[in-house]
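Here is the structure we will look at, set down as structure tokens.
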There are 2 protein chains.
Amino acid sequence: MGTALDLSEDVGTLTARLVDVESVSGAERALADAIQEALTPLPHLVVHRDGDAIVARTELGRAERVVIAGHIDTVPVAGNLPSRVEGDLLYGCGTSDMKSGVAVALRLAARLPEPNRDVTYVFYDCEEIEAERNGLLRLSRRRPELLAGDFAVLMEPTGGEIEGGCQGSLRVDVVVPGKRAHSARSWHGVNAVHKAGAVLDALNAYEPRRPVVDGLEFHEGLNAVFIRGGVAGNVIPDECVVTVNHRFAPDRTVEEALAHVREVFAGYEVRVTDASPGARPGLTHPVAAAFADAVGGTPRAKLGWTDVSLFSRLGVPAVNYGPGDPTLAHQQAEHVSLAAIAECERRMLAWLG
Amino acid sequence: MGTALDLSEDVGTLTARLVDVESVSGAERALADAIQEALTPLPHLVVHRDGDAIVARTELGRAERVVIAGHIDTVPVAGNLPSRVEGDLLYGCGTSDMKSGVAVALRLAARLPEPNRDVTYVFYDCEEIEAERNGLLRLSRRRPELLAGDFAVLMEPTGGEIEGGCQGSLRVDVVVPGKRAHSARSWHGVNAVHKAGAVLDALNAYEPRRPVVDGLEFHEGLNAVFIRGGVAGNVIPDECVVTVNHRFAPDRTVEEALAHVREVFAGYEVRVTDASPGARPGLTHPVAAAFADAVGGTPRAKLGWTDVSLFSRLGVPAVNYGPGDPTLAHQQAEHVSLAAIAECERRMLAWLG
């Protein structure tokens, strides 16, 4: 059978255990199994499973219910597994984004048989890939009652500070056409890869906006995430496709962001492949303010897209708050401070204990 | 069983039959089977097979032996099969490059039981892909005695004119490095695809040479034939690879051509994936001159790489001469004139009959 998780281990050790169960998006089964097996024996939790998402709920009849959520998948491994410790730092794929947050949530689930608010713990799959496969989206469609609550904390990496809102994300294919010819007589064709130079020029010249929304500063981006072109080693390519990811501040809708992207790539065919709206900070909501008082710090804008946007659409006020360093997510040298994980656990216990 | 070829049909109809047996490089078996089955019953030929290459030889003890050769593979089909006739033109993948030449060779093999020179007919596989898989190269290593001769005619498309020499071909991967980061915070990474814009700029600015070698003008080229880069939809790519095909005139060796390419892409890692030398025109050789007298026309330089280069290395003087139009090779609208195929057959019969 799979890996057994011992939720009585300290939260840093537990993070390392979670990191060492590889769980690239779409291949989370082993980790979902381990989480389910660790939570099911706890008598104060009712555990549900949907695909590779696990939901565990206290049913204490408290006046408020909060949702504590985290995705269990990671971006592709980049030679950075298994995890390793150097001083206070734990290195490895997913340490920051976001198995340290998942470890904190698992520790809370084990250590708080009688929290002061009912808690719904959500561990879900496929957050790091196209929105349509997102496990939280799937849960919201198939088991919306499991996600209900007065407030949600997504334990995405925020460096231990509350982050409000999130930027939207749009992915488009910019298609550059050409005309095939034998590469020995290239002047009879039109080289689509050479022509794609103009698309890369537009990306290199792009100046991203940094708008202030509800008092928090966001920072947009427009980046090629894939490029492909070519037919055969002796043929002038007749098509080159540049996949562009636009991250946009929550003062724009998906439609407005798309109009902007079409303007940048005017003259090219632009095919939308993925779109997720942002969410405004929403920190003025009373429940959000109460959480902010309890854990402290100065809220700032969340630049990455997170499922705060999905909770926002479900009418559940939500923030990001987790021990990981957001600037290290998806990098080969991804790591997390063991002290920061412990501090995050301490503050969450203080809030719910 | 496979398609049966009737070598008594006129050469245009036979070309259409050959075109309609799809034979993209690496998948020539059905066509090789059909050619073997058509030639084996002819009592004046000794037929050999090596992989998907077929060699058929007269053994008449003539003073001279000539080799008539053609590849039976094509570039990938581009929605241009089956073949269709419009007036004098036969359209379809491989019509020009080079099933019309193969059809002429098959007709000669069937119609000339007693040619004035011994003839070796060679039909081979995998010419349109990396040199290492080339069927003629394989034959030259495993059955070199089958390729011996005083002169060779490669029936590549030349528009019915003799083409001397051939350009060399070099393929390299130009590697552009970057640094991964989450695409929501792209400024923490280095986007390798964006940086590849400088490689495309160099390609767009490139001015190819047109040197005159042994009296014939060549025309070089430097073209991207593939581009690829990207890790995941939300990750800044840490590598972009541009595959570049350099076609170079036969006044340069492979080593000189590579030095030139390294100079164009100075500062980047350049990995060689494929290299084939060119061949000087060689039309001053007496046997080549005798052929030129027989078929007429004004010799010109061959721009595409052809296996003339391989015969050149084996010490067999060789030229390109075939009915296809070289400017149409590898294009979606590839076609050939039925009258040109018939004229080519007539001239070859006049030479060998």
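Here, A, B, ... name the chains of the structure tokens in the order displayed, residue numbers run from 1 inside each chain, and ligands are numbered from 1 in the same displayed order.
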Give me the chain B side of the contact with chain A, cut-off 8 Å, one line per residue showing its nearest atom pair and distance in Å at one decimal, counting only C-alpha atoms, sorted by chain and residue number, as CSV.
```
residue,atom,partner,partner_atom,distance
B:Val75,CA,A:Ala232,CA,7.5
B:Pro76,CA,A:Ala232,CA,7.8
B:Glu128,CA,A:Asn234,CA,7.4
B:Ile129,CA,A:Gly233,CA,6.7
B:Glu130,CA,A:Gly233,CA,7.6
B:Arg171,CA,A:Gly233,CA,7.7
B:Arg180,CA,A:Gln331,CA,5.5
B:Ala181,CA,A:Gln331,CA,5.1
B:His182,CA,A:His330,CA,5.2
B:Ser183,CA,A:Asn223,CA,7.0
B:Ala184,CA,A:Gly304,CA,4.8
B:Arg185,CA,A:Thr327,CA,7.0
B:Ser186,CA,A:Gly221,CA,7.0
B:His188,CA,A:Thr327,CA,7.1
B:Asn191,CA,A:Ala224,CA,7.6
B:Val193,CA,A:Ala224,CA,6.5
B:His194,CA,A:Leu200,CA,5.5
B:Ala196,CA,A:Leu200,CA,7.9
B:Gly197,CA,A:Gly197,CA,5.3
B:Leu200,CA,A:Gly197,CA,5.4
B:Asp201,CA,A:Gly197,CA,6.5
B:Leu203,CA,A:His194,CA,6.8
B:Asn204,CA,A:His194,CA,6.2
B:Glu220,CA,A:Ala184,CA,7.6
B:Gly221,CA,A:Ala184,CA,6.7
B:Asn223,CA,A:Ser183,CA,7.0
B:Ala224,CA,A:Val193,CA,6.4
B:Val225,CA,A:Gly230,CA,5.3
B:Phe226,CA,A:Gly230,CA,4.1
B:Ile227,CA,A:Gly229,CA,5.2
B:Arg228,CA,A:Arg228,CA,4.6
B:Gly229,CA,A:Ile227,CA,5.2
B:Gly230,CA,A:Phe226,CA,4.1
B:Val231,CA,A:Val225,CA,7.2
B:Ala232,CA,A:Val225,CA,6.8
B:Gly233,CA,A:Val225,CA,5.7
B:Asn234,CA,A:Val225,CA,6.8
B:Val235,CA,A:Val225,CA,6.3
B:Ile236,CA,A:Val225,CA,5.7
B:Pro237,CA,A:Val225,CA,5.9
B:Asn245,CA,A:Asn234,CA,7.1
B:Arg247,CA,A:Ala184,CA,6.0
B:Leu303,CA,A:Ala184,CA,6.0
B:Gly304,CA,A:Ala184,CA,4.8
B:Trp305,CA,A:Ala184,CA,7.2
B:Thr327,CA,A:Arg185,CA,7.0
B:Leu328,CA,A:Ala181,CA,7.5
B:Ala329,CA,A:His182,CA,6.0
B:His330,CA,A:His182,CA,5.2
B:Gln331,CA,A:Ala181,CA,5.1
B:Gln332,CA,A:Arg180,CA,7.1
```
Exercise for review: Enumerate as a ChimeraX atom specification all residues of range 213-250 of chain B assigned to strand (DSSP E) by DSSP on the backbone, naming them with the chain letters and numbers the document uses.
Suggested key: /B:213,216-217,221-230,239-248
Check your understanding: Skipping near chain neighbours, those fewer than 3 positions away, what residues fall within 8 Å of Pro113 in chain B using only C-alpha atoms, listed as number ranges by chain?
Key -> B: 44, 58, 109-110
Exercise for review: Give me the residues within 12 Å of His285 in chain B as number ranges by chain, counting only C-alpha atoms and dropping any in the same chain fewer than 2 places off.
Suggested key: B: 150-152, 164, 280-283, 287-292, 312, 315-319
Exercise for review: Mind listing the alpha helix (DSSP H) residues of range 137-200 of chain A, per DSSP on the backbone, as a count of residues only?
Suggested key: 14
Check your understanding: Neighbours of Val19 in chain B within 10 Å (only C-alpha atoms; same-chain residues fewer than 5 positions away dropped), as a PyMOL selection string?
Key -> chain B and resi 13-14+31+72-74+81-84+90-96+98-100+103
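Considering the residues A:Tyr268, A:Phe123, A:Tyr321, A:Phe311 and counting only C-alpha atoms, Met155 in chain A has its shortest atom-to-atom contact with A:Tyr321.
Relative to CA of Gly165 in chain B, CA of Phe218 in chain B is found at 9.5 Å.
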Review point. So which residues touch Val122 in chain B within 7 Å, counting only C-alpha atoms, skipping near sequence neighbours fewer than 3 positions away, as a PyMOL selection string?
Key: chain B and resi 54-56+68-70
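Going from CA of Ala148 in chain A over to CA of Thr284 in chain A, you cover 20.1 Å.
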Study note, to complete from the structure: Pairwise distance, CA of Val190 in chain A with CA of Glu239 in chain A, equals 9.5 Å
